[in-house]
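Below is run.cif, which holds mmCIF, N, CA and C atoms.
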```
data_work
#
loop_
_atom_site.label_atom_id
_atom_site.label_comp_id
_atom_site.auth_asym_id
_atom_site.auth_seq_id
_atom_site.Cartn_x
_atom_site.Cartn_y
_atom_site.Cartn_z
N MET A 1 130.11 -17.20 93.56
CA MET A 1 128.70 -17.46 93.72
C MET A 1 128.41 -18.32 94.93
N ASN A 2 129.30 -19.21 95.27
CA ASN A 2 129.02 -20.12 96.38
C ASN A 2 129.11 -19.46 97.75
N GLU A 3 129.62 -18.25 97.81
CA GLU A 3 129.73 -17.58 99.09
C GLU A 3 128.50 -16.77 99.46
N SER A 4 127.57 -16.58 98.52
CA SER A 4 126.37 -15.81 98.82
C SER A 4 125.19 -16.73 99.09
N GLU A 5 124.16 -16.19 99.74
CA GLU A 5 122.95 -16.97 100.03
C GLU A 5 121.83 -16.63 99.07
N SER A 6 121.97 -15.53 98.29
CA SER A 6 120.93 -15.18 97.34
C SER A 6 121.56 -14.62 96.07
N ILE A 7 120.78 -14.65 94.99
CA ILE A 7 121.20 -14.14 93.69
C ILE A 7 120.17 -13.09 93.27
N GLU A 8 120.65 -11.95 92.78
CA GLU A 8 119.76 -10.92 92.24
C GLU A 8 120.18 -10.61 90.82
N ASN A 9 119.22 -10.56 89.91
CA ASN A 9 119.48 -10.26 88.51
C ASN A 9 118.59 -9.10 88.09
N THR A 10 119.21 -8.03 87.59
CA THR A 10 118.46 -6.88 87.10
C THR A 10 119.05 -6.45 85.76
N ASP A 11 118.20 -5.83 84.92
CA ASP A 11 118.70 -5.23 83.69
C ASP A 11 117.84 -4.04 83.30
N ALA A 12 118.26 -3.31 82.30
CA ALA A 12 117.57 -2.10 81.88
C ALA A 12 116.23 -2.38 81.21
N ASN A 13 115.97 -3.61 80.82
CA ASN A 13 114.73 -3.94 80.12
C ASN A 13 113.59 -4.36 81.05
N GLY A 14 113.82 -4.36 82.35
CA GLY A 14 112.75 -4.65 83.29
C GLY A 14 112.94 -5.89 84.14
N THR A 15 113.97 -6.69 83.87
CA THR A 15 114.23 -7.84 84.73
C THR A 15 114.66 -7.37 86.10
N SER A 16 114.01 -7.89 87.10
CA SER A 16 114.38 -7.63 88.49
C SER A 16 113.88 -8.83 89.30
N ILE A 17 114.78 -9.77 89.54
CA ILE A 17 114.39 -11.00 90.22
C ILE A 17 115.46 -11.37 91.24
N VAL A 18 115.04 -11.89 92.36
CA VAL A 18 115.94 -12.33 93.41
C VAL A 18 115.46 -13.69 93.89
N PHE A 19 116.39 -14.59 94.17
CA PHE A 19 116.04 -15.89 94.71
C PHE A 19 117.13 -16.38 95.64
N SER A 20 116.76 -17.27 96.54
CA SER A 20 117.69 -17.84 97.51
C SER A 20 118.43 -19.02 96.91
N LYS A 21 119.68 -19.16 97.26
CA LYS A 21 120.45 -20.34 96.91
C LYS A 21 121.05 -20.97 98.18
N LYS A 22 120.40 -20.67 99.30
CA LYS A 22 120.88 -21.16 100.58
C LYS A 22 121.06 -22.68 100.53
N ASN A 23 122.23 -23.13 100.93
CA ASN A 23 122.61 -24.55 100.95
C ASN A 23 122.63 -25.20 99.57
N ARG A 24 122.72 -24.39 98.51
CA ARG A 24 122.85 -24.91 97.15
C ARG A 24 124.23 -24.55 96.64
N GLU A 25 124.85 -25.45 95.91
CA GLU A 25 126.19 -25.22 95.38
C GLU A 25 126.11 -24.94 93.89
N ALA A 26 126.73 -23.86 93.46
CA ALA A 26 126.83 -23.55 92.04
C ALA A 26 127.90 -24.45 91.42
N LYS A 27 127.62 -24.95 90.23
CA LYS A 27 128.55 -25.82 89.51
C LYS A 27 129.11 -25.06 88.32
N ALA A 28 130.39 -25.28 88.03
CA ALA A 28 131.04 -24.64 86.89
C ALA A 28 130.89 -25.52 85.66
N ASP A 29 130.54 -24.90 84.54
CA ASP A 29 130.51 -25.57 83.25
C ASP A 29 131.73 -25.08 82.48
N THR A 30 132.81 -25.82 82.55
CA THR A 30 134.08 -25.40 81.97
C THR A 30 134.28 -25.81 80.53
N GLY A 31 133.51 -26.78 80.05
CA GLY A 31 133.71 -27.32 78.71
C GLY A 31 134.77 -28.42 78.66
N ILE A 32 135.40 -28.68 79.81
CA ILE A 32 136.43 -29.72 79.87
C ILE A 32 135.76 -31.02 80.29
N ILE A 33 135.73 -32.00 79.39
CA ILE A 33 135.08 -33.28 79.67
C ILE A 33 136.07 -34.40 79.34
N THR A 34 136.86 -34.75 80.34
CA THR A 34 137.89 -35.76 80.14
C THR A 34 137.63 -37.06 80.88
N GLU A 35 136.63 -37.09 81.74
CA GLU A 35 136.32 -38.28 82.53
C GLU A 35 134.95 -38.81 82.16
N PRO A 36 134.78 -40.14 82.13
CA PRO A 36 133.46 -40.71 81.87
C PRO A 36 132.43 -40.20 82.89
N GLY A 37 131.25 -39.86 82.41
CA GLY A 37 130.19 -39.40 83.28
C GLY A 37 130.17 -37.90 83.53
N THR A 38 131.17 -37.17 83.04
CA THR A 38 131.15 -35.72 83.22
C THR A 38 130.25 -35.09 82.17
N PHE A 39 129.80 -33.87 82.44
CA PHE A 39 128.85 -33.19 81.57
C PHE A 39 129.33 -31.79 81.26
N SER A 40 129.02 -31.33 80.07
CA SER A 40 129.29 -29.96 79.68
C SER A 40 128.40 -29.61 78.49
N ASN A 41 128.41 -28.38 78.09
CA ASN A 41 127.76 -27.96 76.86
C ASN A 41 128.61 -26.86 76.25
N LEU A 42 128.35 -26.53 75.01
CA LEU A 42 129.11 -25.50 74.33
C LEU A 42 128.15 -24.42 73.86
N PRO A 43 128.49 -23.15 73.98
CA PRO A 43 129.74 -22.69 74.57
C PRO A 43 129.72 -22.83 76.08
N ALA A 44 130.86 -23.10 76.62
CA ALA A 44 131.01 -23.27 78.07
C ALA A 44 131.34 -21.92 78.71
N GLY A 45 131.75 -21.95 79.96
CA GLY A 45 132.10 -20.72 80.66
C GLY A 45 130.95 -20.18 81.49
N GLU A 46 130.09 -21.06 81.93
CA GLU A 46 128.92 -20.66 82.71
C GLU A 46 128.97 -21.30 84.09
N VAL A 47 128.13 -20.83 84.96
CA VAL A 47 127.85 -21.50 86.22
C VAL A 47 126.35 -21.75 86.27
N PHE A 48 125.95 -22.81 86.95
CA PHE A 48 124.53 -23.10 87.06
C PHE A 48 124.22 -23.65 88.43
N LEU A 49 122.97 -23.47 88.84
CA LEU A 49 122.49 -23.99 90.12
C LEU A 49 120.98 -23.99 90.10
N ALA A 50 120.40 -24.72 91.01
CA ALA A 50 118.95 -24.73 91.18
C ALA A 50 118.60 -23.81 92.35
N PRO A 51 117.77 -22.80 92.10
CA PRO A 51 117.37 -21.92 93.22
C PRO A 51 116.51 -22.69 94.21
N LEU A 52 116.47 -22.19 95.41
CA LEU A 52 115.64 -22.79 96.45
C LEU A 52 114.17 -22.64 96.04
N GLU A 53 113.45 -23.76 96.03
CA GLU A 53 112.06 -23.77 95.60
C GLU A 53 111.22 -22.77 96.41
N GLY A 54 110.39 -22.02 95.71
CA GLY A 54 109.50 -21.08 96.36
C GLY A 54 110.13 -19.77 96.79
N SER A 55 111.42 -19.55 96.46
CA SER A 55 112.10 -18.35 96.96
C SER A 55 112.19 -17.23 95.93
N ALA A 56 111.85 -17.47 94.67
CA ALA A 56 111.98 -16.44 93.64
C ALA A 56 110.93 -15.35 93.83
N ASN A 57 111.36 -14.12 93.62
CA ASN A 57 110.47 -12.97 93.74
C ASN A 57 110.88 -11.93 92.71
N GLY A 58 109.97 -11.60 91.79
CA GLY A 58 110.26 -10.58 90.79
C GLY A 58 109.83 -11.00 89.40
N ASN A 59 110.40 -10.35 88.39
CA ASN A 59 110.10 -10.60 86.98
C ASN A 59 111.38 -10.84 86.21
N SER A 60 111.30 -11.70 85.22
CA SER A 60 112.43 -11.95 84.32
C SER A 60 111.92 -11.85 82.89
N TRP A 61 112.48 -10.93 82.11
CA TRP A 61 112.06 -10.72 80.73
C TRP A 61 113.07 -11.34 79.79
N LEU A 62 112.61 -12.22 78.90
CA LEU A 62 113.47 -12.90 77.93
C LEU A 62 113.15 -12.36 76.52
N GLU A 63 113.80 -11.31 76.14
CA GLU A 63 113.50 -10.66 74.87
C GLU A 63 113.96 -11.48 73.67
N TRP A 64 114.88 -12.35 73.84
CA TRP A 64 115.43 -13.13 72.74
C TRP A 64 114.65 -14.39 72.46
N ALA A 65 113.67 -14.73 73.29
CA ALA A 65 112.92 -15.97 73.12
C ALA A 65 112.17 -15.95 71.80
N PRO A 66 112.18 -17.07 71.06
CA PRO A 66 111.47 -17.13 69.78
C PRO A 66 109.97 -17.06 69.97
N THR A 67 109.28 -16.56 68.97
CA THR A 67 107.82 -16.51 69.00
C THR A 67 107.27 -17.30 67.82
N ARG A 68 106.05 -17.75 67.95
CA ARG A 68 105.40 -18.45 66.85
C ARG A 68 104.41 -17.52 66.17
N ASN A 69 104.37 -17.59 64.87
CA ASN A 69 103.43 -16.79 64.09
C ASN A 69 102.33 -17.66 63.55
#
```

Please express what this file holds, its structure, as structure tokens.
Amino acid sequence: MNESESIENTDANGTSIVFSKKNREAKADTGIITEPGTFSNLPAGEVFLAPLEGSANGNSWLEWAPTRN
């Protein structure tokens, strides 16, 4: 992920979004927390980063999001 300047996410349900990560570093969430001040969550095995502000273009559909009745 750190070698690209943009991220594109698409799926069969209609998600099609692209954003820049220029000069942003993706961080690994390994689940290994052996030093004070380190962070993780479970389940681990993810990468995360903050996209460049104002660069997102497209739609993202979250079908699993809870709804209120």

For this structure, which residues satisfy the selection - the PyMOL selection byres ((chain A and resi 21) around 6.5) - when it is evaluated on the file as given? I want them as a short mmCIF file (atom, residue, chain, number, x, y, z; two decimals) with N, CA and C atoms, in the frame of the given file.
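The resulting file, part17.cif, is shown below:
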```cif
data_model
loop_
_atom_site.label_atom_id
_atom_site.label_comp_id
_atom_site.auth_asym_id
_atom_site.auth_seq_id
_atom_site.Cartn_x
_atom_site.Cartn_y
_atom_site.Cartn_z
N SER A 4 127.57 -16.58 98.52
CA SER A 4 126.37 -15.81 98.82
C SER A 4 125.19 -16.73 99.09
N GLU A 5 124.16 -16.19 99.74
CA GLU A 5 122.95 -16.97 100.03
C GLU A 5 121.83 -16.63 99.07
N SER A 6 121.97 -15.53 98.29
CA SER A 6 120.93 -15.18 97.34
C SER A 6 121.56 -14.62 96.07
N ILE A 7 120.78 -14.65 94.99
CA ILE A 7 121.20 -14.14 93.69
C ILE A 7 120.17 -13.09 93.27
N PHE A 19 116.39 -14.59 94.17
CA PHE A 19 116.04 -15.89 94.71
C PHE A 19 117.13 -16.38 95.64
N SER A 20 116.76 -17.27 96.54
CA SER A 20 117.69 -17.84 97.51
C SER A 20 118.43 -19.02 96.91
N LYS A 22 120.40 -20.67 99.30
CA LYS A 22 120.88 -21.16 100.58
C LYS A 22 121.06 -22.68 100.53
N ASN A 23 122.23 -23.13 100.93
CA ASN A 23 122.61 -24.55 100.95
C ASN A 23 122.63 -25.20 99.57
N ARG A 24 122.72 -24.39 98.51
CA ARG A 24 122.85 -24.91 97.15
C ARG A 24 124.23 -24.55 96.64
N GLU A 25 124.85 -25.45 95.91
CA GLU A 25 126.19 -25.22 95.38
C GLU A 25 126.11 -24.94 93.89
N ALA A 50 120.40 -24.72 91.01
CA ALA A 50 118.95 -24.73 91.18
C ALA A 50 118.60 -23.81 92.35
N PRO A 51 117.77 -22.80 92.10
CA PRO A 51 117.37 -21.92 93.22
C PRO A 51 116.51 -22.69 94.21
N LEU A 52 116.47 -22.19 95.41
CA LEU A 52 115.64 -22.79 96.45
C LEU A 52 114.17 -22.64 96.04
#
```

(Q) Which residues are near Phe48 (chain A)? Cut-off 6.5 Å, only N, CA and C atoms, ignore same chain within fewer than 6 positions. Put them as a ChimeraX atom specification. (A) /A:25-29

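For the pair CA of Ser40 (chain A) and atom N of Glu3 (chain A), the separation is 21.6 Å.
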
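One finds atom N of Thr30 (chain A) at 11.9 Å from atom N of Leu49 (chain A).
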
Return as lines of an AutoDock Vina configuration file the centre and edge lengths, in Å with one decimal, of the box along x, y and z that encloses every atom of region 23-42 of chain A in the file, padded by 6 Å per side.
```
center_x = 130.1
center_y = -31.9
center_z = 87.4
size_x = 27.7
size_y = 29.6
size_z = 39.1
```

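For Ser16 (chain A), the non-local neighbours within 7 Å, defined as residues at least 5 positions apart in the same chain or in other chains and counting all atoms listed in the file, are Glu8, Asn9, Thr10, Asp11, Asn57, Gly58, Asn59, Ser60 and Trp61 of chain A.
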
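For the pair CA of Val47 (chain A) and CA of Met1 (chain A), the separation is 8.6 Å.
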
Q. Looking only at the backbone, which of the residues in chain A does DSSP tag as strand (DSSP E), as a PyMOL selection string?
A. chain A and resi 6-10+16-20+27-29+46-48+57-59

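Remark: for Ile17 (chain A), the closest of the candidate residues A:Ala56, A:Thr38, A:Arg68, A:Ile32 is A:Ala56 (distances computed over only N, CA and C atoms).
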